[in-house]
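File shown: my_file.csv (CSV, C-alpha atoms).
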```csv
chain,number,residue,atom,x,y,z
A,525,MET,CA,-57.8,-89.4,-40.1
A,526,ALA,CA,-54.1,-89.4,-40.8
A,527,GLY,CA,-55.1,-87.6,-43.9
A,528,TYR,CA,-55.8,-84.5,-41.8
A,529,ILE,CA,-52.3,-84.4,-40.5
A,530,VAL,CA,-50.9,-84.4,-44.1
A,531,LEU,CA,-53.4,-81.9,-45.4
A,532,GLY,CA,-53.0,-79.8,-42.3
A,533,ILE,CA,-49.2,-79.7,-42.9
A,534,GLY,CA,-49.7,-78.6,-46.5
A,535,PHE,CA,-52.0,-75.8,-45.3
A,536,GLY,CA,-49.6,-74.7,-42.5
A,537,ILE,CA,-46.7,-74.5,-45.0
A,538,LEU,CA,-48.7,-72.5,-47.6
A,539,LEU,CA,-50.1,-70.1,-44.9
A,540,ASN,CA,-46.6,-69.6,-43.5
A,541,LYS,CA,-45.2,-68.8,-47.0
A,542,ALA,CA,-48.0,-66.3,-47.4
A,543,GLY,CA,-46.7,-64.5,-44.4
A,544,TYR,CA,-49.1,-65.7,-41.7
A,545,GLY,CA,-47.4,-67.6,-38.9
A,546,ILE,CA,-48.3,-70.2,-36.3
A,547,GLY,CA,-51.0,-68.2,-34.4
A,548,TRP,CA,-52.9,-67.8,-37.7
A,549,ALA,CA,-52.6,-71.5,-38.5
A,550,PHE,CA,-53.9,-72.4,-35.1
A,551,ALA,CA,-56.8,-69.9,-35.1
A,552,MET,CA,-57.9,-70.7,-38.6
A,553,SER,CA,-57.9,-74.5,-38.0
A,554,ALA,CA,-59.7,-74.1,-34.7
A,555,LEU,CA,-62.3,-71.6,-35.7
A,556,ILE,CA,-63.0,-72.2,-39.4
A,557,TYR,CA,-62.2,-75.9,-39.5
A,558,ALA,CA,-62.9,-76.5,-43.2
A,559,GLY,CA,-60.0,-77.9,-45.1
A,560,SER,CA,-60.5,-76.7,-48.6
A,561,MET,CA,-61.9,-73.4,-47.5
A,562,GLN,CA,-58.8,-72.7,-45.5
A,563,TYR,CA,-56.6,-73.4,-48.6
A,564,VAL,CA,-58.8,-70.9,-50.6
A,565,GLY,CA,-58.7,-68.6,-47.6
A,566,ILE,CA,-54.9,-68.2,-47.9
A,567,GLY,CA,-55.5,-66.6,-51.3
A,568,LEU,CA,-58.1,-64.3,-49.8
A,569,LEU,CA,-55.9,-63.2,-47.0
A,570,SER,CA,-52.8,-62.6,-49.1
A,571,GLY,CA,-54.8,-61.0,-51.9
A,572,GLY,CA,-56.5,-58.5,-49.5
A,573,ALA,CA,-60.0,-59.6,-50.5
A,574,SER,CA,-63.0,-57.6,-49.2
A,575,VAL,CA,-65.3,-58.9,-46.5
A,576,ILE,CA,-68.2,-59.4,-49.0
A,577,THR,CA,-66.0,-61.4,-51.4
A,578,THR,CA,-64.8,-63.5,-48.5
A,579,ILE,CA,-68.3,-64.3,-47.3
A,580,ILE,CA,-69.5,-65.1,-50.9
A,581,THR,CA,-66.5,-67.3,-51.6
A,582,THR,CA,-66.9,-69.1,-48.3
A,583,PHE,CA,-70.5,-69.7,-49.0
A,584,MET,CA,-69.8,-71.1,-52.5
A,585,VAL,CA,-66.9,-73.3,-51.5
A,586,ASN,CA,-68.6,-74.6,-48.3
A,587,ALA,CA,-72.2,-74.8,-49.6
A,588,ARG,CA,-71.9,-78.6,-49.7
A,589,HIS,CA,-71.9,-78.4,-45.8
A,590,LEU,CA,-75.5,-77.4,-46.0
A,591,PHE,CA,-76.1,-80.8,-47.5
A,592,TYR,CA,-73.9,-82.7,-45.1
A,593,SER,CA,-75.9,-81.2,-42.3
A,594,ILE,CA,-79.2,-82.0,-44.0
A,595,SER,CA,-78.2,-85.6,-44.3
A,596,MET,CA,-77.2,-85.7,-40.6
A,597,ILE,CA,-80.4,-84.2,-39.2
A,598,ASP,CA,-81.8,-87.6,-38.4
A,599,LYS,CA,-78.6,-89.2,-37.2
A,600,TYR,CA,-77.8,-86.3,-34.8
A,601,LYS,CA,-81.4,-85.9,-33.6
A,602,ASP,CA,-80.8,-87.5,-30.2
A,603,SER,CA,-77.2,-86.5,-29.6
A,604,GLY,CA,-78.0,-84.2,-26.7
A,605,LYS,CA,-75.0,-82.3,-25.2
A,606,TYR,CA,-72.7,-83.4,-28.0
A,607,LYS,CA,-75.0,-81.9,-30.7
A,608,PRO,CA,-73.5,-78.4,-31.1
A,609,TYR,CA,-70.0,-79.6,-31.4
A,610,LEU,CA,-71.0,-82.5,-33.8
A,611,ILE,CA,-72.6,-79.9,-36.1
A,612,PHE,CA,-69.7,-77.4,-35.8
A,613,ALA,CA,-67.2,-80.2,-36.7
A,614,LEU,CA,-69.0,-81.7,-39.6
A,615,THR,CA,-66.2,-81.6,-42.2
A,616,ASP,CA,-65.8,-83.7,-45.4
A,617,GLU,CA,-63.6,-86.2,-43.6
A,618,THR,CA,-65.8,-86.5,-40.5
A,619,TYR,CA,-68.9,-86.7,-42.7
A,620,SER,CA,-67.5,-89.6,-44.7
A,621,LEU,CA,-66.3,-91.4,-41.6
A,622,LEU,CA,-69.7,-91.0,-39.8
A,623,CYS,CA,-71.6,-92.2,-42.9
A,624,GLU,CA,-70.3,-95.6,-42.2
A,625,ASP,CA,-70.9,-96.1,-38.4
A,626,ASP,CA,-73.6,-98.7,-38.6
A,627,ASP,CA,-71.6,-101.3,-36.8
A,628,VAL,CA,-71.1,-99.1,-33.7
A,629,PRO,CA,-73.3,-100.1,-30.7
A,630,ARG,CA,-76.3,-97.8,-30.5
A,631,GLU,CA,-75.9,-97.0,-26.8
A,632,SER,CA,-72.4,-95.5,-27.3
A,633,ILE,CA,-73.0,-94.0,-30.8
A,634,ASN,CA,-73.1,-90.3,-29.6
A,635,ARG,CA,-69.8,-90.6,-27.7
A,636,TYR,CA,-68.3,-92.4,-30.7
A,637,ARG,CA,-69.4,-89.6,-33.1
A,638,PHE,CA,-68.2,-87.0,-30.7
A,639,PHE,CA,-64.7,-88.5,-30.4
A,640,VAL,CA,-64.3,-89.1,-34.1
A,641,SER,CA,-65.2,-85.5,-34.7
A,642,LEU,CA,-62.9,-84.2,-31.9
A,643,PHE,CA,-59.9,-86.4,-33.0
A,644,ASP,CA,-60.3,-85.3,-36.6
A,645,GLN,CA,-60.1,-81.7,-35.5
A,646,CYS,CA,-57.1,-82.3,-33.3
A,647,TYR,CA,-55.3,-84.0,-36.2
A,648,TRP,CA,-56.2,-81.0,-38.4
A,649,VAL,CA,-55.0,-78.4,-35.9
A,650,ALA,CA,-51.9,-80.3,-35.1
A,651,GLY,CA,-51.1,-80.7,-38.8
A,652,SER,CA,-51.6,-77.0,-39.4
A,653,VAL,CA,-49.3,-76.0,-36.6
A,654,ILE,CA,-46.6,-78.5,-37.6
A,655,GLY,CA,-46.9,-77.3,-41.2
A,656,SER,CA,-46.5,-73.7,-40.1
A,657,LEU,CA,-43.3,-74.6,-38.1
A,658,LEU,CA,-42.0,-76.5,-41.1
A,659,GLY,CA,-42.7,-73.6,-43.4
A,660,SER,CA,-40.5,-71.3,-41.3
A,661,VAL,CA,-37.5,-73.7,-41.2
A,662,ILE,CA,-37.5,-75.2,-44.7
A,663,HIS,CA,-36.1,-72.9,-47.4
A,664,PHE,CA,-36.2,-75.0,-50.5
A,665,SER,CA,-39.0,-74.2,-53.0
A,666,THR,CA,-42.4,-75.6,-52.1
A,667,ALA,CA,-43.8,-74.6,-55.5
A,668,GLY,CA,-46.5,-77.1,-56.5
A,669,ILE,CA,-47.6,-78.0,-52.9
A,670,GLU,CA,-50.9,-76.3,-53.6
A,671,PHE,CA,-51.7,-79.3,-55.8
A,672,SER,CA,-52.5,-81.1,-52.6
A,673,MET,CA,-55.9,-79.4,-52.6
A,674,THR,CA,-56.6,-80.4,-56.2
A,675,ALA,CA,-55.5,-84.0,-55.3
A,676,LEU,CA,-57.8,-84.0,-52.3
A,677,PHE,CA,-60.8,-83.2,-54.5
A,678,ILE,CA,-59.8,-85.6,-57.3
A,679,ALA,CA,-59.4,-88.4,-54.7
A,680,SER,CA,-62.8,-87.6,-53.2
A,681,PHE,CA,-64.3,-87.5,-56.7
A,682,THR,CA,-62.8,-90.9,-57.6
A,683,GLU,CA,-63.9,-92.4,-54.3
A,684,GLN,CA,-67.5,-91.2,-54.7
A,685,TRP,CA,-67.5,-92.4,-58.3
A,686,LEU,CA,-66.4,-95.9,-57.3
A,687,ALA,CA,-68.7,-96.1,-54.3
A,688,SER,CA,-71.9,-94.8,-56.1
A,689,GLY,CA,-74.0,-96.7,-58.6
A,690,ASP,CA,-75.5,-93.5,-60.0
A,691,HIS,CA,-73.0,-91.3,-61.8
A,692,LYS,CA,-75.4,-88.7,-63.1
A,693,PRO,CA,-74.8,-86.2,-60.3
A,694,ALA,CA,-71.0,-86.4,-60.8
A,695,VAL,CA,-71.3,-86.0,-64.6
A,696,ILE,CA,-73.7,-83.1,-64.2
A,697,GLY,CA,-71.3,-81.4,-61.8
A,698,LEU,CA,-68.4,-81.8,-64.1
A,699,VAL,CA,-70.1,-80.8,-67.4
A,700,SER,CA,-72.0,-77.8,-65.8
A,701,THR,CA,-68.9,-76.4,-64.2
A,702,VAL,CA,-66.7,-76.8,-67.4
A,703,LEU,CA,-69.5,-75.2,-69.4
A,704,CYS,CA,-69.8,-72.2,-67.1
A,705,LEU,CA,-66.1,-71.8,-66.9
A,706,VAL,CA,-65.9,-71.5,-70.7
A,707,ILE,CA,-68.9,-69.1,-70.8
A,708,PHE,CA,-68.3,-66.9,-67.8
A,709,GLY,CA,-64.5,-67.1,-67.3
A,710,THR,CA,-62.3,-67.9,-64.3
A,711,GLU,CA,-63.6,-65.1,-62.1
A,712,LYS,CA,-67.3,-65.5,-62.3
A,713,PHE,CA,-68.2,-69.1,-63.0
A,714,LEU,CA,-68.8,-70.5,-59.5
A,715,ILE,CA,-72.3,-69.0,-58.9
A,716,PRO,CA,-73.7,-69.9,-62.4
A,717,SER,CA,-72.2,-73.4,-62.0
A,718,MET,CA,-74.0,-73.9,-58.7
A,719,LEU,CA,-77.3,-72.7,-60.2
A,720,LEU,CA,-77.0,-74.9,-63.3
A,721,ILE,CA,-76.1,-77.9,-61.2
A,722,THR,CA,-79.1,-77.4,-58.9
A,723,LEU,CA,-81.4,-76.9,-61.9
A,724,LEU,CA,-80.2,-80.0,-63.7
A,725,LEU,CA,-80.4,-82.2,-60.6
A,726,THR,CA,-84.0,-80.9,-60.0
A,727,VAL,CA,-84.9,-81.7,-63.6
A,728,ILE,CA,-83.6,-85.3,-63.5
A,729,ARG,CA,-85.4,-85.9,-60.2
A,730,LYS,CA,-88.7,-84.9,-61.7
A,731,LYS,CA,-88.0,-87.1,-64.7
A,732,GLU,CA,-87.1,-90.1,-62.5
A,733,ASP,CA,-90.2,-89.5,-60.4
A,734,ARG,CA,-92.4,-89.9,-63.4
A,735,GLU,CA,-90.6,-92.9,-64.7
A,736,GLY,CA,-90.4,-94.6,-61.3
B,544,MET,CA,-57.1,-55.8,-38.5
B,545,ARG,CA,-58.5,-56.8,-41.9
B,546,PRO,CA,-57.1,-60.4,-41.7
B,547,VAL,CA,-58.7,-60.9,-38.4
B,548,ILE,CA,-62.1,-59.8,-39.8
B,549,LEU,CA,-61.6,-62.1,-42.9
B,550,VAL,CA,-60.8,-65.1,-40.7
B,551,LEU,CA,-63.9,-64.4,-38.6
B,552,ALA,CA,-66.0,-63.9,-41.7
B,553,MET,CA,-64.9,-67.3,-43.0
B,554,ALA,CA,-65.5,-68.9,-39.6
B,555,LEU,CA,-69.0,-67.5,-39.2
B,556,THR,CA,-70.1,-68.2,-42.7
B,557,THR,CA,-69.0,-71.8,-42.4
B,558,MET,CA,-70.7,-72.2,-39.1
B,559,ALA,CA,-73.9,-70.7,-40.5
B,560,LEU,CA,-73.9,-73.2,-43.3
B,561,ARG,CA,-73.4,-76.1,-40.9
B,562,PHE,CA,-76.1,-75.0,-38.3
B,563,LEU,CA,-78.8,-73.6,-40.6
B,564,PRO,CA,-80.2,-76.9,-41.8
B,565,PHE,CA,-80.6,-78.1,-38.3
B,566,LEU,CA,-82.4,-74.9,-37.3
B,567,ILE,CA,-84.6,-74.8,-40.3
B,568,PHE,CA,-85.4,-78.5,-40.9
B,569,GLY,CA,-85.1,-79.6,-37.3
B,570,LYS,CA,-88.0,-82.0,-37.3
B,571,ARG,CA,-89.0,-82.9,-40.8
B,572,THR,CA,-86.9,-82.5,-43.9
B,573,PRO,CA,-88.7,-81.9,-47.2
B,574,LYS,CA,-88.2,-84.7,-49.7
B,575,TYR,CA,-86.7,-82.4,-52.3
B,576,VAL,CA,-84.1,-81.2,-49.7
B,577,SER,CA,-83.1,-84.7,-48.7
B,578,TYR,CA,-82.8,-85.6,-52.4
B,579,LEU,CA,-80.4,-82.6,-52.9
B,580,GLY,CA,-78.5,-83.7,-49.8
B,581,LYS,CA,-77.9,-87.1,-51.4
B,582,VAL,CA,-76.9,-85.9,-54.9
B,583,LEU,CA,-75.3,-82.5,-54.5
B,584,PRO,CA,-72.1,-83.5,-52.7
B,585,GLN,CA,-71.0,-85.6,-55.7
B,586,ALA,CA,-71.7,-82.7,-58.1
B,587,ILE,CA,-70.0,-80.1,-55.9
B,588,ILE,CA,-66.9,-82.2,-55.6
B,589,ALA,CA,-66.8,-82.3,-59.4
B,590,LEU,CA,-67.2,-78.5,-59.3
B,591,LEU,CA,-64.3,-78.1,-56.9
B,592,VAL,CA,-62.0,-80.2,-59.1
B,593,VAL,CA,-62.7,-77.9,-62.0
B,594,TYR,CA,-62.4,-74.9,-59.6
B,595,CYS,CA,-58.9,-76.0,-58.6
B,596,LEU,CA,-57.9,-76.5,-62.3
B,597,ARG,CA,-59.5,-73.2,-63.6
B,598,GLU,CA,-56.2,-71.5,-64.3
B,599,VAL,CA,-54.8,-74.3,-66.3
B,600,SER,CA,-54.3,-73.5,-70.0
B,601,VAL,CA,-54.3,-76.2,-72.6
B,602,THR,CA,-53.1,-73.9,-75.4
B,603,ALA,CA,-50.0,-72.4,-73.6
B,604,PRO,CA,-47.1,-74.6,-72.5
B,605,PRO,CA,-46.9,-76.9,-70.6
B,606,HIS,CA,-50.5,-77.5,-71.9
B,607,GLY,CA,-51.8,-78.8,-68.6
B,608,ILE,CA,-49.6,-81.9,-68.8
B,609,PRO,CA,-48.4,-81.8,-65.2
B,610,GLU,CA,-52.0,-81.5,-64.0
B,611,LEU,CA,-53.1,-84.3,-66.3
B,612,ILE,CA,-50.4,-86.7,-65.2
B,613,ALA,CA,-50.5,-85.9,-61.5
B,614,GLY,CA,-54.3,-85.9,-61.5
B,615,GLY,CA,-54.3,-89.3,-63.4
B,616,SER,CA,-51.9,-90.7,-60.7
B,617,VAL,CA,-54.4,-89.6,-58.0
B,618,VAL,CA,-57.3,-91.4,-59.8
B,619,GLY,CA,-55.2,-94.5,-60.4
B,620,MET,CA,-53.9,-94.7,-56.8
B,621,GLN,CA,-57.4,-94.1,-55.3
B,622,ALA,CA,-58.9,-96.8,-57.6
B,623,TRP,CA,-56.2,-99.2,-56.6
B,624,LYS,CA,-55.8,-98.6,-52.8
B,625,ARG,CA,-58.9,-96.6,-51.9
B,626,ASN,CA,-56.7,-94.6,-49.5
B,627,ALA,CA,-57.1,-90.8,-49.9
B,628,VAL,CA,-53.9,-89.9,-48.0
B,629,LEU,CA,-51.8,-92.1,-50.3
B,630,SER,CA,-53.5,-90.7,-53.4
B,631,ILE,CA,-53.0,-87.1,-52.3
B,632,LEU,CA,-49.4,-87.6,-51.3
B,633,LEU,CA,-48.5,-89.3,-54.6
B,634,GLY,CA,-50.3,-86.7,-56.7
B,635,THR,CA,-48.7,-83.8,-54.9
B,636,VAL,CA,-45.2,-85.3,-55.1
B,637,VAL,CA,-45.7,-86.2,-58.8
B,638,TYR,CA,-46.9,-82.6,-59.5
B,639,MET,CA,-44.1,-80.9,-57.6
B,640,ALA,CA,-41.6,-83.1,-59.6
B,641,LEU,CA,-43.2,-82.5,-63.0
B,642,ILE,CA,-43.4,-78.7,-62.7
B,643,ARG,CA,-39.6,-78.7,-62.1
B,644,VAL,CA,-38.8,-80.8,-65.2
B,645,ILE,CA,-41.4,-79.8,-67.8
```
Mind converting the file's structure to structure tokens?
Amino acid sequence: MAGYIVLGIGFGILLNKAGYGIGWAFAMSALIYAGSMQYVGIGLLSGGASVITTIITTFMVNARHLFYSISMIDKYKDSGKYKPYLIFALTDETYSLLCEDDDVPRESINRYRFFVSLFDQCYWVAGSVIGSLLGSVIHFSTAGIEFSMTALFIASFTEQWLASGDHKPAVIGLVSTVLCLVIFGTEKFLIPSMLLITLLLTVIRKKEDREG
Amino acid sequence: MRPVILVLAMALTTMALRFLPFLIFGKRTPKYVSYLGKVLPQAIIALLVVYCLREVSVTAPPHGIPELIAGGSVVGMQAWKRNAVLSILLGTVVYMALIRVI
């Protein structure tokens, strides 16, 4: 959870440097609440992107949330009044925390999930606001701080690699994306990559079904 | 006005992605969809790593060396301590230092 304060601070600083102050940091973290997308969103805002580009980019960067939600359908089935917020607040961090909640007593599981989700967002919003304030008082160069987003994904990749016995999805993701980057270039490779990844994952599933 | 619309577009698209599966597959999830739910996150994280590094050129100086060293330090720290915050902090500090000296 402390990770959210650090990442939030990085986001707040970058957003401030792009010319959007504390109100923007608060609004984005409260309403969008998707770490990596907000980093990407700074580029969209300062580059004057169109609404369509923004929607497509958000869809691509956040498409994994479809799958987080799919894997939570069963878990959240009986969460009652907490359900809308649990779904809204299902970020990478919260997802990974709630994947490992088997030792929480069943009778308080919904409250537990709600408060994990809520505290995660509080940390994230607080971090963003602190970062925004820091960004307006520090004047030394923060060049390179954007690597915090890259580091976030490399750390998640490493963690999933270590935790998973099946490395095929990770390898497929890596190879497909590099291939599409080489073929389609830096502007247009995201959509072909997603399609190729989905296709290859579908193919290996069919194959494993036959073998298994 | 445009920034307000863009922030709302990001917020609504993200919300749609989170809520749609619950609305569509509320009761029974097709096997194929649960399979994708299991394997896609790993593949998409790999995609996002490449996405972040898309502008790095190996032919022009500094040949991606700062990204390689800083990225390597993230992998090493994560494998050692399994603590994402430590890994991210280390990688970012290493990167910020490297781009100033290389």
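For the point (-63.2, -87.4, -56.7), the residues with at least one atom inside 9 Å, counting all atoms listed in the file, are Ala675, Leu676, Phe677, Ile678, Ala679, Ser680, Phe681, Thr682, Glu683, Gln684, Trp685 and Ala694 of chain A; Gln585, Ile588, Ala589, Val592, Val618 and Gln621 of chain B.
With distances taken over all atoms listed in the file, A:Asn634 is the one residue among A:Thr581, A:Ser570, A:Ser620, A:Asn634 lying closest to Lys607 in chain A.
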Quiz prompt | All residues 12 Å or closer to range 597-602 of chain B, only C-alpha atoms, same chain fewer than 4 positions away omitted, as a list of chain:residue names | solution =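 Near range 597-602 of chain B, the qualifying residues are A:Thr674, A:Thr701, A:Val702, A:Leu703, A:Cys704, A:Leu705, A:Val706, A:Phe708, A:Gly709, A:Thr710, A:Glu711, A:Lys712, A:Phe713, A:Leu714, B:Leu590, B:Leu591, B:Val592, B:Val593, B:His606, B:Gly607, B:Ile608, B:Pro609, B:Glu610, B:Leu611.
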Practice problem: Just give me the gap between CA of Leu551 in chain B and CA of Gly580 in chain B in Å, one decimal is fine. | Solution: 26.7 Å
Exercise. Write out as a list of chain:residue names the residues lying within 12 Å of Val576 in chain B, counting all atoms listed in the file and excluding same-chain residues fewer than 6 positions away.
Key: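 The contact residues come out as A:Leu590, A:Phe591, A:Tyr592, A:Ser593, A:Ile594, A:Ser595, A:Ile597, A:Thr722, A:Leu725, A:Thr726, A:Arg729, B:Pro564, B:Ile567, B:Phe568, B:Val582, B:Leu583.
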Set out as a tab-separated table a contact list for chain B and range 552-562 of chain A with a cut-off of 8 Å, giving each residue of chain B that qualifies its closest atom pair and distance in Å to one decimal, counting only C-alpha atoms, ordered by chain and rising residue number.
```
residue	atom	partner	partner_atom	distance
B:Val550	CA	A:Met552	CA	6.6
B:Leu551	CA	A:Ile556	CA	7.9
B:Met553	CA	A:Ile556	CA	6.4
B:Ala554	CA	A:Ile556	CA	4.1
B:Leu555	CA	A:Ile556	CA	7.6
B:Thr557	CA	A:Ile556	CA	6.7
B:Met558	CA	A:Ile556	CA	7.7
```
Self-check item: Nearest candidate to Ser603 in chain A (options A:Met584, A:Leu622, A:Ile633, A:Leu698; using all atoms listed in the file)
Solution: A:Ile633
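Rounded to one decimal, CA of Met639 in chain B and CA of Val617 in chain B lie 13.5 Å from each other.
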Self-check item: Pick from A:Tyr636, A:Tyr606, A:Trp648, A:Tyr528 nearest to chain B, counting all atoms listed in the file
Solution: A:Tyr528
Exercise. Grab the CA of Tyr638 in chain B to CA of Ser665 in chain A distance for me, in Å with one decimal place.
Key: 13.2 Å
